[in-house]
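A.B. asks: my_file_21.cif is reproduced below (mmCIF, C-alpha atoms).
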```cif
data_work
#
loop_
_atom_site.label_atom_id
_atom_site.label_comp_id
_atom_site.auth_asym_id
_atom_site.auth_seq_id
_atom_site.Cartn_x
_atom_site.Cartn_y
_atom_site.Cartn_z
CA MET A 408 15.35 7.41 1.11
CA LEU A 409 18.55 6.98 -0.88
CA GLN A 410 21.59 9.16 -1.35
CA TYR A 411 24.18 8.99 -4.11
CA SER A 412 27.83 9.99 -4.28
CA ASP A 413 29.39 11.97 -7.12
CA SER A 414 30.54 8.79 -8.87
CA ASP A 415 27.10 7.18 -9.11
CA PHE A 416 26.43 7.32 -12.83
CA PHE A 417 24.34 4.46 -14.09
CA GLU A 418 23.49 3.34 -17.59
CA PHE A 419 20.20 1.58 -18.16
CA GLN A 420 20.79 -1.47 -20.30
CA LYS A 421 19.19 -4.82 -21.04
CA ILE A 422 20.16 -8.11 -19.51
CA ARG A 423 20.69 -10.51 -22.39
CA PHE A 424 21.26 -14.26 -22.40
CA ASP A 425 21.85 -15.17 -26.05
CA GLU A 426 22.37 -18.61 -27.57
CA GLU A 427 26.13 -18.47 -27.04
CA ASP A 428 25.53 -17.64 -23.36
CA ARG A 429 23.03 -20.47 -23.08
CA ALA A 430 25.47 -22.96 -24.62
CA SER A 431 28.27 -21.81 -22.32
CA TYR A 432 26.00 -22.02 -19.30
CA GLN A 433 24.81 -25.52 -20.16
CA MET A 434 28.42 -26.65 -20.64
CA HIS A 435 29.53 -25.29 -17.25
CA LYS A 436 26.18 -25.44 -15.47
CA LEU A 437 27.27 -27.45 -12.44
CA GLN A 438 30.38 -25.36 -11.87
CA ILE A 439 28.52 -22.04 -12.31
CA ASN A 440 25.62 -23.05 -10.07
CA LYS A 441 28.00 -24.36 -7.42
CA GLU A 442 29.99 -21.11 -7.40
CA LEU A 443 26.85 -18.96 -7.33
CA SER A 444 25.36 -21.06 -4.54
CA ARG A 445 28.57 -20.81 -2.51
CA SER A 446 28.82 -17.03 -2.93
CA LEU A 447 25.14 -16.43 -2.16
CA SER A 448 25.20 -18.72 0.85
CA SER A 449 28.24 -16.92 2.25
CA ALA A 450 26.72 -13.48 1.57
CA ARG A 451 23.36 -14.38 3.12
CA SER A 452 25.00 -15.82 6.21
CA SER A 453 27.11 -12.69 6.72
CA ALA A 454 24.16 -10.38 6.01
CA LYS A 455 21.91 -11.94 8.67
CA GLY A 456 23.88 -10.73 11.65
CA SER A 457 22.97 -12.14 15.07
CA LYS A 458 19.94 -10.07 16.11
CA CYS A 459 16.39 -9.62 14.85
CA PHE A 460 16.22 -6.35 12.91
CA ILE A 461 12.90 -5.42 14.57
CA CYS A 462 13.09 -6.40 18.24
CA LYS A 463 16.92 -6.46 18.44
CA ASN A 464 16.84 -9.70 20.42
CA LYS A 465 19.52 -12.29 19.74
CA CYS A 466 18.29 -14.60 17.02
CA ASP A 467 19.71 -18.08 16.42
CA SER A 468 17.10 -18.99 13.82
CA PHE A 469 15.72 -16.31 11.49
CA CYS A 470 12.27 -16.60 9.99
CA ASN A 471 11.74 -17.25 6.29
CA SER A 472 9.90 -13.94 5.82
CA HIS A 473 7.94 -13.51 2.59
CA SER A 474 8.11 -10.25 0.66
CA VAL A 475 4.58 -10.96 -0.66
CA PRO A 476 1.87 -12.59 1.52
CA GLN A 477 1.80 -16.37 1.19
CA PHE A 478 -1.97 -16.43 0.69
CA CYS A 479 -1.44 -14.46 -2.54
CA LEU A 480 1.31 -16.76 -3.76
CA ARG A 481 -0.77 -19.86 -3.07
CA LYS A 482 -3.65 -18.42 -5.05
CA ILE A 483 -1.64 -18.13 -8.29
CA ALA A 484 0.58 -21.19 -7.81
CA ASP A 485 0.45 -24.26 -10.01
CA LYS A 486 1.39 -27.44 -8.14
CA GLY A 487 2.94 -25.27 -5.42
CA LYS A 488 5.16 -23.33 -7.84
CA VAL A 489 5.27 -19.74 -9.10
CA LEU A 490 7.44 -17.86 -11.60
CA GLN A 491 9.47 -14.84 -10.58
CA SER A 492 9.72 -11.83 -12.91
CA GLY A 493 8.76 -13.76 -16.06
CA LEU A 494 12.35 -14.20 -17.23
CA GLN A 495 12.76 -17.92 -16.54
CA GLU A 496 12.91 -18.89 -20.21
CA GLU A 497 15.13 -15.93 -21.11
CA PHE A 498 17.55 -16.26 -18.19
CA PRO A 499 18.14 -19.92 -17.26
CA LEU A 500 20.10 -19.04 -14.10
CA LEU A 501 16.77 -18.13 -12.50
CA GLY A 502 15.55 -21.70 -12.76
CA ASP A 503 12.17 -22.83 -14.08
CA ASP A 504 10.04 -21.90 -11.08
CA THR A 505 10.04 -21.34 -7.35
CA GLY A 506 8.17 -23.10 -4.56
CA VAL A 507 5.71 -20.91 -2.68
CA LYS A 508 7.58 -21.48 0.59
CA LYS A 509 10.80 -20.11 -0.95
CA ALA A 510 9.34 -17.36 -3.15
CA GLY A 511 10.64 -13.92 -2.25
CA ILE A 512 11.91 -14.88 1.19
CA PHE A 513 14.48 -12.99 3.22
CA PHE A 514 16.17 -13.66 6.57
CA LEU A 515 16.28 -10.60 8.80
CA ILE A 516 13.74 -10.98 11.61
CA CYS A 517 12.75 -13.53 14.24
CA HIS A 518 9.71 -15.81 14.09
CA ASN A 519 7.86 -13.88 16.79
CA CYS A 520 8.16 -10.54 14.98
CA ASP A 521 7.20 -12.10 11.66
CA ASN A 522 4.09 -13.61 13.27
CA THR A 523 2.99 -10.52 15.23
CA LYS A 524 4.05 -7.39 13.31
CA PHE A 525 2.21 -8.06 10.03
CA GLN A 526 -1.02 -9.76 11.09
CA GLU A 527 -3.49 -7.28 9.59
CA TYR A 528 -1.78 -6.96 6.21
CA GLU A 529 -1.28 -10.74 5.88
CA ASN A 530 -4.94 -11.53 6.60
CA PRO A 531 -6.98 -11.81 3.36
CA GLN A 532 -10.12 -10.79 5.25
CA SER A 533 -8.56 -7.35 5.84
CA TYR A 534 -9.15 -6.49 2.18
CA ASN A 535 -12.93 -6.90 2.33
CA GLN A 536 -13.15 -3.27 3.38
CA GLN A 537 -11.27 0.01 3.05
CA VAL A 538 -7.53 -0.47 3.45
CA SER A 539 -6.46 0.85 6.83
CA GLN A 540 -3.46 3.04 7.60
CA THR A 541 -2.10 0.16 9.67
CA ILE A 542 -2.11 -2.08 6.61
CA LEU A 543 -0.28 0.58 4.60
CA ALA A 544 2.31 0.93 7.35
CA GLN A 545 2.81 -2.83 7.54
CA ILE A 546 3.24 -3.07 3.76
CA ALA A 547 5.81 -0.26 3.93
CA MET A 548 7.60 -2.06 6.78
CA LYS A 549 7.81 -5.29 4.81
CA ASN A 550 8.97 -3.48 1.67
CA THR A 551 11.80 -1.71 3.46
CA LEU A 552 12.84 -4.88 5.30
CA GLN A 553 13.07 -6.72 2.00
CA LEU A 554 15.19 -3.92 0.52
CA ILE A 555 17.43 -3.80 3.59
CA SER A 556 17.99 -7.54 3.37
CA LYS A 557 18.69 -7.32 -0.36
CA ARG A 558 21.23 -4.51 0.04
CA LYS A 559 22.94 -6.26 2.96
CA ILE A 560 23.41 -9.36 0.82
CA GLU A 561 24.63 -7.27 -2.11
CA TYR A 562 27.16 -5.59 0.16
CA GLN A 563 28.58 -8.96 1.15
CA LEU A 564 28.64 -10.09 -2.48
CA TYR A 565 30.63 -6.97 -3.39
CA LYS A 566 33.02 -7.79 -0.56
CA ILE A 567 33.54 -11.17 -2.23
CA LEU A 568 33.93 -9.48 -5.63
CA GLU A 569 36.50 -7.13 -4.11
CA GLU A 570 38.92 -10.02 -4.12
CA LYS A 571 38.71 -10.37 -7.92
CA ASP A 572 41.34 -8.92 -10.25
CA SER A 573 39.20 -7.12 -12.85
CA VAL A 574 39.87 -3.36 -12.92
CA ILE A 575 36.28 -2.59 -13.99
CA ALA A 576 34.91 -4.90 -11.30
CA GLN A 577 37.10 -3.17 -8.73
CA GLU A 578 35.78 0.27 -9.71
CA ILE A 579 32.17 -0.88 -9.57
CA THR A 580 32.79 -2.71 -6.30
CA GLN A 581 34.44 0.22 -4.54
CA GLN A 582 31.66 2.53 -5.66
CA GLN A 583 28.95 0.15 -4.42
CA LEU A 584 30.70 -0.45 -1.09
CA LYS A 585 30.44 3.31 -0.50
CA VAL A 586 26.85 3.69 -1.72
CA ILE A 587 25.18 0.69 -0.05
CA PRO A 588 25.73 1.92 3.55
CA LEU A 589 24.02 5.18 2.56
CA ASP A 590 21.12 3.21 1.10
CA LEU A 591 20.85 1.16 4.28
CA ASP A 592 20.75 4.29 6.43
CA GLY A 593 17.90 5.64 4.31
CA TYR A 594 15.91 2.41 4.34
CA THR A 595 16.41 2.04 8.10
CA GLU A 596 14.97 5.53 8.66
CA GLU A 597 11.99 4.63 6.45
CA PHE A 598 11.44 1.41 8.39
CA ARG A 599 11.38 3.21 11.73
CA TYR A 600 8.90 5.74 10.35
CA SER A 601 6.59 2.94 9.15
CA LYS A 602 6.99 0.89 12.35
CA VAL A 603 5.88 3.81 14.52
CA ALA A 604 2.90 4.37 12.20
CA ALA A 605 1.87 0.71 12.47
CA GLU A 606 2.35 0.29 16.21
CA LYS A 607 0.80 3.60 17.25
CA HIS A 608 -1.93 3.50 14.57
CA LYS A 609 -1.00 6.90 13.19
CA ASN A 610 -3.31 8.03 10.39
CA ASP A 611 -1.25 10.88 8.98
CA ARG A 612 1.88 9.21 7.61
CA PHE A 613 0.73 7.66 4.34
CA GLU A 614 -1.49 8.80 1.49
CA LEU A 615 -3.45 6.10 -0.35
CA PHE A 616 -3.84 7.45 -3.88
CA PHE A 617 -5.12 4.34 -5.64
CA HIS A 618 -7.18 1.50 -4.19
CA GLN A 619 -9.10 -0.69 -6.61
CA LYS A 620 -11.02 -3.88 -5.93
CA LEU A 621 -11.27 -6.07 -9.03
CA ASN A 622 -13.99 -8.71 -9.42
CA TYR A 623 -11.57 -11.30 -10.81
CA THR A 624 -8.33 -12.98 -9.72
CA ILE A 625 -5.19 -11.58 -11.35
CA PRO A 626 -2.32 -13.97 -12.32
CA ILE A 627 0.37 -12.05 -10.42
CA ALA A 628 1.18 -11.36 -6.78
CA ALA A 629 3.46 -8.40 -6.16
CA GLN A 630 4.41 -5.60 -3.84
CA ALA A 631 7.33 -3.20 -3.94
CA GLU A 632 8.76 0.13 -2.93
CA ILE A 633 9.48 2.01 -6.15
CA ILE A 634 11.63 5.05 -6.82
CA LEU A 635 9.72 6.36 -9.83
CA LEU A 636 12.09 8.12 -12.19
CA CYS A 637 9.65 9.74 -14.62
CA GLY A 638 6.07 10.94 -14.41
CA LEU A 639 3.19 10.73 -16.86
CA ASP A 640 4.38 13.88 -18.62
CA GLY A 641 7.88 12.53 -19.16
CA LYS A 642 9.39 14.85 -16.58
CA ILE A 643 11.95 13.55 -14.10
CA ILE A 644 10.58 12.83 -10.61
CA ASN A 645 13.77 11.47 -9.07
CA ASP A 646 17.03 12.64 -10.58
CA VAL A 647 19.45 9.79 -9.89
CA TYR A 648 22.31 11.95 -11.16
CA ASN A 649 21.75 14.77 -8.67
CA ILE A 650 24.90 14.63 -6.55
CA THR A 651 23.80 17.23 -4.00
CA PRO A 652 24.27 15.63 -0.55
CA SER A 653 20.87 16.85 0.65
CA TYR A 654 19.01 15.44 -2.37
CA LYS A 655 17.25 12.18 -1.48
CA MET A 656 15.29 9.74 -3.60
CA GLN A 657 11.55 9.58 -2.89
CA SER A 658 9.47 6.45 -3.33
CA ILE A 659 5.96 5.08 -3.62
CA HIS A 660 4.62 1.71 -2.52
CA ILE A 661 2.52 -0.48 -4.81
CA ALA A 662 0.85 -3.86 -4.29
CA ALA A 663 -1.28 -6.26 -6.32
CA PHE A 664 -2.86 -9.04 -4.29
CA PRO A 665 -4.93 -11.88 -5.83
CA LEU A 666 -7.70 -13.04 -3.49
CA GLU A 667 -10.20 -15.91 -3.67
CA ASN A 668 -12.51 -14.54 -6.38
CA GLU A 669 -11.22 -11.00 -6.67
CA SER A 670 -8.08 -8.89 -6.37
CA VAL A 671 -6.94 -5.63 -4.87
CA VAL A 672 -4.45 -3.09 -6.26
CA ILE A 673 -2.96 -0.49 -3.92
CA CYS A 674 -0.69 2.53 -4.45
CA PHE A 675 0.38 4.89 -1.66
CA ARG A 676 3.17 7.20 -0.59
CA ASP A 677 4.87 8.58 2.47
CA VAL A 678 3.19 12.00 2.90
CA ARG A 679 6.64 13.61 3.06
CA ASN A 680 7.31 12.64 -0.56
CA LYS A 681 5.90 15.77 -2.18
CA ARG A 682 7.75 15.18 -5.42
CA TYR A 683 4.82 12.96 -6.49
CA ASP A 684 2.13 15.65 -6.22
CA GLN A 685 1.82 16.25 -9.96
CA PHE A 686 2.07 12.57 -10.84
CA ILE A 687 -0.77 11.68 -8.46
CA GLN A 688 -2.97 14.50 -9.78
CA GLN A 689 -2.44 13.36 -13.38
CA PHE A 690 -2.79 9.66 -12.50
CA SER A 691 -6.13 10.18 -10.74
CA ARG A 692 -7.66 11.72 -13.88
CA LEU A 693 -6.97 8.67 -16.05
CA SER A 694 -9.43 5.87 -16.80
CA LEU A 695 -9.33 2.76 -14.62
CA ASP A 696 -7.94 0.61 -17.45
CA THR A 697 -5.14 3.09 -18.05
CA ARG A 698 -4.25 3.31 -14.37
CA LEU A 699 -4.11 -0.49 -14.10
CA SER A 700 -1.92 -0.60 -17.22
CA ILE A 701 0.50 1.92 -15.72
CA VAL A 702 0.73 0.09 -12.38
CA ASN A 703 1.34 -3.16 -14.28
CA TYR A 704 4.13 -1.49 -16.28
CA ILE A 705 5.73 0.00 -13.17
CA PHE A 706 5.86 -3.43 -11.53
CA PHE A 707 7.70 -5.08 -14.38
CA GLN A 708 9.87 -2.09 -15.29
CA TYR A 709 11.06 -1.29 -11.78
CA SER A 710 10.74 -4.35 -9.55
CA GLU A 711 11.91 -7.94 -9.29
CA ASN A 712 9.42 -8.68 -6.52
CA VAL A 713 6.71 -9.86 -8.91
CA PHE A 714 5.46 -13.44 -8.95
CA ILE A 715 3.54 -14.85 -11.90
CA SER A 716 1.24 -17.83 -12.21
CA PRO A 717 2.74 -20.66 -14.32
CA LYS A 718 -0.79 -21.07 -15.68
CA LEU A 719 -0.42 -17.83 -17.64
CA LYS A 720 -0.36 -18.33 -21.39
CA SER A 721 3.17 -18.83 -22.74
CA THR A 722 2.50 -16.18 -25.40
CA VAL A 723 2.65 -13.55 -22.66
CA LEU A 724 5.92 -14.83 -21.21
CA GLN A 725 7.42 -14.87 -24.69
CA ASN A 726 6.15 -11.42 -25.67
CA ARG A 727 9.24 -9.46 -26.78
CA ALA A 728 8.05 -6.07 -25.50
CA PHE A 729 7.16 -7.61 -22.14
CA LEU A 730 10.56 -9.30 -21.83
CA ASP A 731 12.39 -6.09 -22.78
CA VAL A 732 10.68 -4.30 -19.90
CA CYS A 733 11.44 -7.13 -17.47
CA GLN A 734 15.09 -7.16 -18.55
CA THR A 735 15.81 -3.52 -17.79
CA SER A 736 18.75 -3.23 -15.43
CA MET A 737 19.21 -0.10 -13.33
CA ASN A 738 22.55 -1.05 -11.81
CA ILE A 739 25.04 -0.75 -14.64
CA TRP A 740 27.95 1.55 -13.85
CA SER A 741 28.63 4.17 -16.50
CA THR A 742 30.75 7.26 -17.15
CA LYS A 743 28.32 8.80 -19.63
CA ASN A 744 27.61 12.54 -19.59
CA ILE A 745 25.01 13.32 -16.91
CA HIS A 746 22.73 15.29 -19.26
CA THR A 747 22.80 12.47 -21.81
CA CYS A 748 21.96 9.96 -19.08
CA THR A 749 19.01 12.04 -17.87
CA LYS A 750 17.60 12.08 -21.40
CA ASP A 751 18.09 8.32 -21.63
CA ILE A 752 16.13 7.86 -18.40
CA ALA A 753 13.21 9.91 -19.71
CA GLU A 754 13.08 7.74 -22.83
CA GLN A 755 13.65 4.39 -21.12
CA PHE A 756 11.12 4.93 -18.34
CA ASP A 757 8.42 6.82 -20.23
CA LEU A 758 5.13 5.60 -18.75
CA LYS A 759 3.43 6.00 -22.12
CA GLN A 760 5.13 2.71 -23.03
CA ALA A 761 2.75 0.92 -20.66
CA ILE A 762 0.34 0.17 -23.51
CA LYS A 763 3.03 -1.83 -25.33
CA ILE A 764 3.06 -4.75 -22.90
CA PRO A 765 0.32 -7.16 -21.74
CA ASN A 766 -1.60 -5.70 -18.81
CA LEU A 767 -1.74 -8.63 -16.40
CA LEU A 768 -3.99 -6.62 -14.08
CA SER A 769 -6.78 -6.54 -16.67
CA SER A 770 -9.71 -8.97 -16.83
CA GLN A 771 -8.28 -10.37 -20.09
CA TYR A 772 -5.75 -12.36 -18.07
CA ALA A 773 -7.99 -13.29 -15.14
CA MET A 774 -7.47 -16.76 -13.70
#
```
Output the structure of this file as structure tokens.

C.D. replies:
Amino acid sequence: MLQYSDSDFFEFQKIRFDEEDRASYQMHKLQINKELSRSLSSARSSAKGSKCFICKNKCDSFCNSHSVPQFCLRKIADKGKVLQSGLQEEFPLLGDDTGVKKAGIFFLICHNCDNTKFQEYENPQSYNQQVSQTILAQIAMKNTLQLISKRKIEYQLYKILEEKDSVIAQEITQQQLKVIPLDLDGYTEEFRYSKVAAEKHKNDRFELFFHQKLNYTIPIAAQAEIILLCGLDGKIINDVYNITPSYKMQSIHIAAFPLENESVVICFRDVRNKRYDQFIQQFSRLSLDTRLSIVNYIFFQYSENVFISPKLKSTVLQNRAFLDVCQTSMNIWSTKNIHTCTKDIAEQFDLKQAIKIPNLLSSQYAM
């Protein structure tokens, strides 16, 4: 659960990579890639620490933990490759594709914990029946671990950026260096909550509000913890501009797993997150197609942890509405008026826009 300081005003913009950017990138590609690789390598190394995040034992070699089960990635891969987020053609820095072994990996836990703490959730046979509370807890654990790793790396990258001369960069950097430790505290508390639920098989910590088995294989593999900003009625669920110290962001967990000849879509929440009561009531009354469309939209609007089959028709990956949703950035610093920003959020994240983009969870795009 996240907290924000009084300077955390964000503006939701689009990431663009126009022809001039492309030309500049191609001209300086080796230099840019080398610098990015150096910075990321340094940040990742510093972010790892020396102990497994779960068992706290000293760890000389961290596991390549996947943020989405490998069996799902293999199912949608083409020649061992998958696409991440669908922006490869729009944003060349992402590269053309990613190998399954490197897709969505993070380095935070030891091999033993990776092999023993997520066995039920990472077994495709587990989804032949009702999803257990243990599976939900393990998904939540993996989601928070991935977010903790991501924020730890970002913190180190901002430390590197702190050395730059740009005044704007300095303001953004100082603000993020204050906020990220608060985020990490919140995610760590969430992880402990989920870990206890998984290890002690507690059945009262998560509410599964959508579980759908589909009789076809979807072309995406995804899971994420999402801080939903707006509900189905356009009302704010999480007010990112609320600067009250006691106000915390509340999240939901969503997953879309392709299986051998079918798929499963899962949505659940921490039972303490009461802010979603109305959203869940309204969501449950919608048709199945509409619910799948909304989950699909939430994935691409809110998360980067979405992997797409390269076999998907190029018309989808070049769809302008789809790319606009994928390109939304939530981390742009801004000094706009709070009330104006809140209105912008309601417009930008209106779930009614779900119908405007291809629904990759529908049978139309089955593999």

A.B. asks: Mind giving me the straight-line distance from atom CA of A:Ile659 to atom CA of A:Ile546 in Å, one decimal?

C.D. replies: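 Spanning atom CA of A:Ile659 to atom CA of A:Ile546 is a straight-line distance of 11.3 Å.
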
A.B. asks: Could you tell me which of A:Ser457, A:Thr551, A:Gln582, A:Thr624 comes closest to A:Tyr772 if we count all atoms listed in the file?

C.D. replies: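 The closest residue to A:Tyr772 is A:Thr624.
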
A.B. asks: Per residue of stretch 621-734 of chain A within 8 Å of stretch 468-486 of chain A, note the shortest atom pair and the distance in Å to one decimal, counting only C-alpha atoms, and order the rows by chain and increasing residue number, as CSV.

C.D. replies:
```
residue,atom,partner,partner_atom,distance
A:Pro626,CA,A:Ile483,CA,5.8
A:Ile627,CA,A:Ile483,CA,6.7
A:Ala628,CA,A:Cys479,CA,5.9
A:Ala629,CA,A:Val475,CA,6.2
A:Gln630,CA,A:Val475,CA,6.2
A:Phe664,CA,A:Cys479,CA,5.9
A:Pro665,CA,A:Cys479,CA,5.4
A:Leu666,CA,A:Cys479,CA,6.5
A:Glu667,CA,A:Lys482,CA,7.1
A:Asn712,CA,A:Ser474,CA,7.5
A:Phe714,CA,A:Leu480,CA,7.4
A:Ile715,CA,A:Ile483,CA,7.1
A:Ser716,CA,A:Ile483,CA,4.9
A:Pro717,CA,A:Asp485,CA,6.1
A:Lys718,CA,A:Asp485,CA,6.6
```

A.B. asks: Using all atoms listed in the file, pick whichever of A:Ile516, A:Val538, A:Val586, A:Val507 has the shortest atom-to-atom distance to A:Leu552.

C.D. replies: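 Using all atoms listed in the file, the shortest distance to A:Leu552 belongs to A:Ile516.
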
A.B. asks: Just want the 6 Å neighbourhood of stretch 547-549 of chain A, counted on all atoms listed in the file, with same-chain residues fewer than 3 positions away dropped. Output as an MDAnalysis selection string.

C.D. replies: chainID A and resid 544 552 598 601

A.B. asks: Counting all atoms listed in the file, which residue out of A:Leu543, A:Val671, A:Leu447, A:Ala631 sits closest to A:Ile560?

C.D. replies: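 Under the stated criterion, the closest residue is A:Leu447.
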
A.B. asks: What would the selection look like, as a PyMOL selection string, if the PyMOL selection byres ((chain A and resi 459) around 12) were run on the coordinates I just shared?

C.D. replies: chain A and resi 454-458+460-470+472+514-521+552+556

A.B. asks: Counting only C-alpha atoms, which of A:Leu635, A:Ala728, A:Ser653, A:Glu561 gets nearest to A:Ile687?

C.D. replies: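 Among the listed residues, A:Leu635 lies closest to A:Ile687.
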
A.B. asks: Quick one: residues within 9 Å of A:Ser770, all atoms listed in the file counted, chain neighbours fewer than 4 positions away excluded, as a ChimeraX atom specification?

C.D. replies: /A:621-625,766,774

A.B. asks: Which residue, A:Ser691, A:Thr595, A:Asn522, A:Asn726, has the smallest gap to A:Ile555 when you use all atoms listed in the file?

C.D. replies: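 With all atoms listed in the file as the atom set, the closest residue is A:Thr595.
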
A.B. asks: Need the shell around A:Ile643: protein/DNA/RNA residues with any atom at most 9 Å away, counting all atoms listed in the file. Skip same-chain ones fewer than 5 positions apart. Format as a VMD selection string?

C.D. replies: chain A and resid 635 to 638 749 752 to 753
